[in-house]
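The structure appears right after this line, and notes come after that.
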Amino acid sequence: MKKKESVKLKGKIRRYLQFSLYLGILLLFVNVAIYLVSIEAGVILSGYLLAYFIIVAWLMAHYRQVFIRELVDFATAYGQMQSQLLREFDIPYALLDDQNRCLWANNAFKDLIELDNVRSKSITQFFSMMTKDRMPGYNGEESSTFEFSYHEKEYRVEATQIFMGKLVSESALLGESDEESYLVALYFYDETALKFALREVDDQSVTVGLMYLDNYDEALASVEEVRRSLLIALIDRKINKYVSSVDGICRKLEDDKYLVVLRKKSLKQLQEKKFDILDDVKTVSIGNDMAVTMSIGIGYGGMTYAQCYGYAQNAIDLALARGGDQAVVKNDRETQYFGGKSQSMAKNSRVKARVKAHALKEIIYSKDQVMVMGHRNPDADCFGAAVGVYRIAKICEKPAYIVMDDPQGNLNSVTGMFIGQQDYEEDMIIDSREALEMMSSNTVLVVVDVNKPSLTACPELLRMAKSIVVIDHHRQGVETIENTALSYIESYASSACEMVSEILQYTSDNLKLRPEEADCMYAGIVVDTNNFMNQAGVRTFEAAAFLRRNGADVTRVRKLFRTDAVDYKVKAEAASQAQIYRNYYAISYCAAELEGVSNPTVVGAQVANELLSISSVKASFVLTPFQGRVFISARSIDEVNVQIIMEKMGGGGHMTTAACQLDGVTEAEAEGALKRTLDTMIEEGDLK
């Protein structure tokens, strides 16, 4: 008995073999039609048709087995060829089950991991980053990509999910499978050469730099005239030697400005040395009383040379706005700071203040009303500067409003001089909600004592305002207020009140402040300078003298900041609990909020100032929990730049006075973050 065939043809091949049979059926219809025309012709065609069917039937019966055998032999050879090609494929390839275990791998994969038997071994055993939770199928994704280094080569691995449902349903050997069952195919692409080439191209990309001498004129003025050319020559030689040491080009644009062109690879070398030219140029001395300082702005990563130059220009502007003596490296994604360890050099000239005062008056005259806004949790300097701008607006005969939410603590005594007084409007001080309702397209918003939008009293006002003016004395950071009509940021100024006092002097020839306004601004200077002990320059005392001439009274100001017994006890307790970290850094907690102190952050800042009285302390840090945040007040005298410490923790400020705010952390977590920052900076050489 002949064995029943188990192999059946189907699909296009079956239709192709049966095509002659379909033609015979068509001829049957043609034969019927011919019978209607001629019976003789129909009989003849019937004979031919019978012979055709006999021949077709014989051919189908006789050659079917031969055809099927040939197909099976071809499919077997083709499958073996595919399997051989896949085994010898140059790209490492492997199949995993849904448990991340290897089922099969080609020779290239076995050579990669240097193991012949990979069956049932977890892929994580060879590549630790390829864990089950990152593989396809775990989070509903059908593919994943991994990039890693292995045996000094760099690979990109594509992991693709292969569902088993369709494969099993067409198999004659396997039963039905769950549609969610799957395998994972891994393809390993060696990108070592590609990434090396990309790195080489990136390292050779053009980087543009600008170098400015911060105090060129002052340094020359401090040396004898006959020796000035020698000082200039020494500085030029030092700068050119520094740039040429990294295969760069340096060209002098002006007496105190240089253009630098170098490769990105060279920039990395300068960054590794933390731009030591900043300290090296200060050593140039031929009898000059003032050391020369330098600011550097570097731009890279632009699509064009012009874009790189634009980044460099923004970087040098930022370095100068932060007080100079530092390097700023900028691209389209990030900004890095180096140096900035010395105190900002105050300018004796008031030309800039006069120009800014004139520009501010022009802006105010062109608007319908003026709104003045400071930072959250305003202090005396913030409010004093706002009062000064309020007076400028009144001189220009424009309605003005100070935006401030719930002044607390000692500031109540300051705001009390204005609220409810007949000489001032009832709506002189408004809250954020009222300000948003009153804001119009023809309102100028003046921001004082802050230049970070996230720290302002009402960030929504910045988005609504069409015209913005910024007056601040804090060093500028990465986060800035954009689209300003006028920006006056001077990091060497002691306080915002000092800057506004200078502007006031150029506002009107016959200016006369009211005593309470002079007291308020004088108080701002006193607070920010810690009674003229921190960052008080010549212009600080000149501003104080101007306010004194306009009625500021030292006794009244002193009474404004007297503290009650609770505040005094809290400060004493915080000072007594201070710990000395790494021999030079005092760290303490201020539990002012728990004790019911109305303005805990001010008390914390006062404690930080008092801790500097300890002889071995270079910097002090006081952590104050308040309103769900931890406020860190940082203070120093001159040995440590606390501003760069606070910047690394998201804050900012000055070299001797800085702060930051940490959200969603406990006091212990904040202390840990502070200590880690100090440890890192000490290890990297930024602190001693």
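Residues are named by chain letter and number: chains run A, B, ... in the order of the structure tokens, numbers start at 1 in each chain, and ligands are numbered from 1 in the order shown.
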
Item to check | Distance query Tyr506 of chain A at most 9 Å, only C-alpha atoms, self and fewer than 4 positions along chain excluded, as JSON, numbers by chain | outcome: {"A": [353, 354, 355, 357, 358, 502, 511]}

Next on the checklist: So that I can check the surroundings of segment 271-278 of chain A, please list as JSON, numbers by chain every protein, DNA and RNA residue that reaches within 9 Å of it, counting only C-alpha atoms and ignoring chain neighbours fewer than 3 positions away.
Outcome noted: {"A": [238, 239, 242, 266, 267, 268, 281, 282, 293, 294, 295, 296, 325, 326, 327, 329, 338, 339]}

Next on the checklist: So that I can see what lies close to Gln336 of chain A, please list as a ChimeraX atom specification the residues with an atom at most 10 Å from it, counting only C-alpha atoms and leaving out residues fewer than 5 positions away in the same chain.
Outcome noted: /A:271,298,315,327-331,477-478

Checklist entry - Which polymer residues have any atom within 9 Å of an atom of segment 51-61 of chain A, counting only C-alpha atoms, with same-chain residues fewer than 5 positions away left out, as a list of chain:residue names? => result A:Leu17, A:Gln18, A:Ser20, A:Leu21, A:Gly24, A:Ser46

Next on the checklist: I want to know what sits within 12 Å of Phe146 of chain A, based on only C-alpha atoms, with residues of the same chain fewer than 3 positions away left out; could you give that as a list of chain:residue names?
Outcome noted: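 Counting only C-alpha atoms, the residues come to A:Phe127, A:Ser128, A:Met129, A:Met130, A:Thr131, A:Arg134, A:Met135, A:Pro136, A:Ser143, A:Ser149, A:Tyr150, A:Glu154, A:Tyr155, A:Arg156, A:Val157, A:Glu158, A:Ala159, A:Thr160, A:Leu186, A:Tyr187, A:Phe188, A:Tyr189, A:Asp190.
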
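If you look at atom CA of Pro399 of chain A and atom CA of Val450 of chain A, they are 22.7 Å away from each other.
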
Item to check | Pick from A:Leu95, A:Ala523, A:Ile39, A:Val223, whichever lies nearest to Ser495 of chain A using only C-alpha atoms | outcome: A:Ala523

Next on the checklist: Report as a list in words all protein, DNA and RNA residues lying within 10 Å of Leu560 of chain A, evaluated on only C-alpha atoms, omitting residues in the same chain fewer than 2 positions from it.
Outcome noted: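 Near Leu560 of chain A, the qualifying residues are Asn410, Leu411, Asn412, Ser413, Val414, Asp519, Cys520, Ala523, Val554, Thr555, Arg556, Val557, Arg558, Arg562 and Thr563 of chain A.
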
Next on the checklist: If DSSP is run on the backbone, what residues of segment 276-357 of chain A are strand (DSSP E)? A reply as a VMD selection string would be ideal.
Outcome noted: chain A and resid 294 to 299 326 to 330 335 to 339

Selection from above, N, CA and C atoms, as a short mmCIF file (atom, residue, chain, number, x, y, z; two decimals), in the first residue's frame, can you write it?
data_model
loop_
_atom_site.label_atom_id
_atom_site.label_comp_id
_atom_site.auth_asym_id
_atom_site.auth_seq_id
_atom_site.Cartn_x
_atom_site.Cartn_y
_atom_site.Cartn_z
N MET A 294 41.83 88.82 34.90
CA MET A 294 41.35 88.53 33.55
C MET A 294 40.02 87.80 33.58
N SER A 295 39.19 88.07 32.57
CA SER A 295 37.95 87.33 32.36
C SER A 295 38.04 86.61 31.02
N ILE A 296 37.55 85.38 30.98
CA ILE A 296 37.63 84.56 29.77
C ILE A 296 36.24 84.04 29.43
N GLY A 297 35.87 84.17 28.17
CA GLY A 297 34.61 83.60 27.67
C GLY A 297 34.90 82.67 26.51
N ILE A 298 34.48 81.41 26.62
CA ILE A 298 34.74 80.39 25.60
C ILE A 298 33.41 79.89 25.05
N GLY A 299 33.29 79.84 23.72
CA GLY A 299 32.10 79.30 23.07
C GLY A 299 32.45 78.15 22.16
N GLN A 326 37.42 85.30 36.17
CA GLN A 326 36.91 83.94 36.03
C GLN A 326 36.74 83.60 34.56
N ALA A 327 36.59 82.30 34.29
CA ALA A 327 36.37 81.80 32.94
C ALA A 327 34.99 81.18 32.87
N VAL A 328 34.29 81.46 31.78
CA VAL A 328 32.96 80.89 31.54
C VAL A 328 33.01 80.16 30.20
N VAL A 329 32.64 78.89 30.21
CA VAL A 329 32.61 78.06 29.01
C VAL A 329 31.16 77.75 28.69
N LYS A 330 30.75 78.05 27.46
CA LYS A 330 29.32 77.96 27.14
C LYS A 330 29.11 77.30 25.78
N THR A 335 26.46 75.79 30.75
CA THR A 335 27.44 76.83 31.03
C THR A 335 28.26 76.39 32.23
N GLN A 336 29.59 76.46 32.09
CA GLN A 336 30.48 76.05 33.16
C GLN A 336 31.30 77.25 33.64
N TYR A 337 31.61 77.27 34.95
CA TYR A 337 32.34 78.38 35.54
C TYR A 337 33.65 77.87 36.14
N PHE A 338 34.68 78.68 35.98
CA PHE A 338 35.97 78.37 36.56
C PHE A 338 36.54 79.66 37.17
N GLY A 339 37.17 79.53 38.33
CA GLY A 339 37.76 80.70 38.97
C GLY A 339 36.73 81.49 39.74
#

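Excluding Glu639 of chain A itself and same-chain residues fewer than 6 positions from it, the residues having an atom within 12 Å of it are A:Lys341, A:Ser342, A:Gln343, A:Tyr584, A:Tyr585, A:Leu612, A:Ser616, A:Val617, A:Lys618, A:Ala619, A:Ser620, A:Met655, A:Thr656, A:Asp686, A:Leu687, A:Lys688, counting only C-alpha atoms.
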
Next, dump the selected residues to file, keeping only N, CA, C and O atoms, as a PDB file, in the first residue's frame.
ATOM      1  N   LYS A 341      37.439  83.533  42.273  1.00  0.00           N
ATOM      2  CA  LYS A 341      37.758  83.433  43.691  1.00  0.00           C
ATOM      3  C   LYS A 341      38.108  84.769  44.334  1.00  0.00           C
ATOM      4  O   LYS A 341      38.181  84.862  45.551  1.00  0.00           O
ATOM      5  N   SER A 342      38.328  85.796  43.524  1.00  0.00           N
ATOM      6  CA  SER A 342      38.721  87.084  44.089  1.00  0.00           C
ATOM      7  C   SER A 342      37.546  88.036  44.148  1.00  0.00           C
ATOM      8  O   SER A 342      36.541  87.860  43.454  1.00  0.00           O
ATOM      9  N   GLN A 343      37.685  89.041  44.964  1.00  0.00           N
ATOM     10  CA  GLN A 343      36.626  90.032  45.133  1.00  0.00           C
ATOM     11  C   GLN A 343      36.503  90.881  43.882  1.00  0.00           C
ATOM     12  O   GLN A 343      37.481  91.185  43.203  1.00  0.00           O
ATOM     13  N   TYR A 584      37.848  74.168  59.015  1.00  0.00           N
ATOM     14  CA  TYR A 584      37.685  75.579  58.665  1.00  0.00           C
ATOM     15  C   TYR A 584      36.238  76.010  58.409  1.00  0.00           C
ATOM     16  O   TYR A 584      35.992  77.198  58.213  1.00  0.00           O
ATOM     17  N   TYR A 585      35.290  75.094  58.406  1.00  0.00           N
ATOM     18  CA  TYR A 585      33.928  75.429  57.986  1.00  0.00           C
ATOM     19  C   TYR A 585      32.947  75.165  59.125  1.00  0.00           C
ATOM     20  O   TYR A 585      32.801  74.028  59.583  1.00  0.00           O
ATOM     21  N   LEU A 612      31.485  83.822  61.986  1.00  0.00           N
ATOM     22  CA  LEU A 612      32.757  84.234  61.399  1.00  0.00           C
ATOM     23  C   LEU A 612      33.707  84.818  62.435  1.00  0.00           C
ATOM     24  O   LEU A 612      34.890  85.027  62.161  1.00  0.00           O
ATOM     25  N   SER A 616      39.375  80.337  63.645  1.00  0.00           N
ATOM     26  CA  SER A 616      39.801  79.365  62.638  1.00  0.00           C
ATOM     27  C   SER A 616      38.807  79.200  61.489  1.00  0.00           C
ATOM     28  O   SER A 616      39.095  78.504  60.517  1.00  0.00           O
ATOM     29  N   VAL A 617      37.652  79.828  61.587  1.00  0.00           N
ATOM     30  CA  VAL A 617      36.588  79.622  60.602  1.00  0.00           C
ATOM     31  C   VAL A 617      36.826  80.482  59.364  1.00  0.00           C
ATOM     32  O   VAL A 617      36.977  81.696  59.456  1.00  0.00           O
ATOM     33  N   LYS A 618      36.855  79.821  58.187  1.00  0.00           N
ATOM     34  CA  LYS A 618      36.982  80.536  56.919  1.00  0.00           C
ATOM     35  C   LYS A 618      35.627  80.835  56.301  1.00  0.00           C
ATOM     36  O   LYS A 618      35.476  81.810  55.568  1.00  0.00           O
ATOM     37  N   ALA A 619      34.642  79.978  56.583  1.00  0.00           N
ATOM     38  CA  ALA A 619      33.289  80.182  56.053  1.00  0.00           C
ATOM     39  C   ALA A 619      32.292  79.541  57.003  1.00  0.00           C
ATOM     40  O   ALA A 619      32.596  78.547  57.667  1.00  0.00           O
ATOM     41  N   SER A 620      31.111  80.124  57.060  1.00  0.00           N
ATOM     42  CA  SER A 620      30.060  79.593  57.941  1.00  0.00           C
ATOM     43  C   SER A 620      28.814  79.302  57.132  1.00  0.00           C
ATOM     44  O   SER A 620      28.499  79.998  56.161  1.00  0.00           O
ATOM     45  N   MET A 655      30.865  86.784  46.778  1.00  0.00           N
ATOM     46  CA  MET A 655      32.003  86.041  47.289  1.00  0.00           C
ATOM     47  C   MET A 655      31.903  85.826  48.790  1.00  0.00           C
ATOM     48  O   MET A 655      32.234  84.756  49.302  1.00  0.00           O
ATOM     49  N   THR A 656      31.434  86.825  49.533  1.00  0.00           N
ATOM     50  CA  THR A 656      31.377  86.733  50.996  1.00  0.00           C
ATOM     51  C   THR A 656      29.981  86.494  51.542  1.00  0.00           C
ATOM     52  O   THR A 656      29.834  86.189  52.721  1.00  0.00           O
ATOM     53  N   ASP A 686      39.309  73.392  44.441  1.00  0.00           N
ATOM     54  CA  ASP A 686      38.614  74.677  44.451  1.00  0.00           C
ATOM     55  C   ASP A 686      38.595  75.297  45.839  1.00  0.00           C
ATOM     56  O   ASP A 686      38.418  76.511  45.979  1.00  0.00           O
ATOM     57  N   LEU A 687      38.723  74.462  46.859  1.00  0.00           N
ATOM     58  CA  LEU A 687      38.797  74.943  48.240  1.00  0.00           C
ATOM     59  C   LEU A 687      40.003  74.306  48.909  1.00  0.00           C
ATOM     60  O   LEU A 687      40.495  73.258  48.479  1.00  0.00           O
ATOM     61  N   LYS A 688      40.444  74.898  49.997  1.00  0.00           N
ATOM     62  CA  LYS A 688      41.569  74.344  50.746  1.00  0.00           C
ATOM     63  C   LYS A 688      41.116  73.900  52.123  1.00  0.00           C
ATOM     64  O   LYS A 688      40.126  74.371  52.638  1.00  0.00           O
TER      65      LYS A 688
END
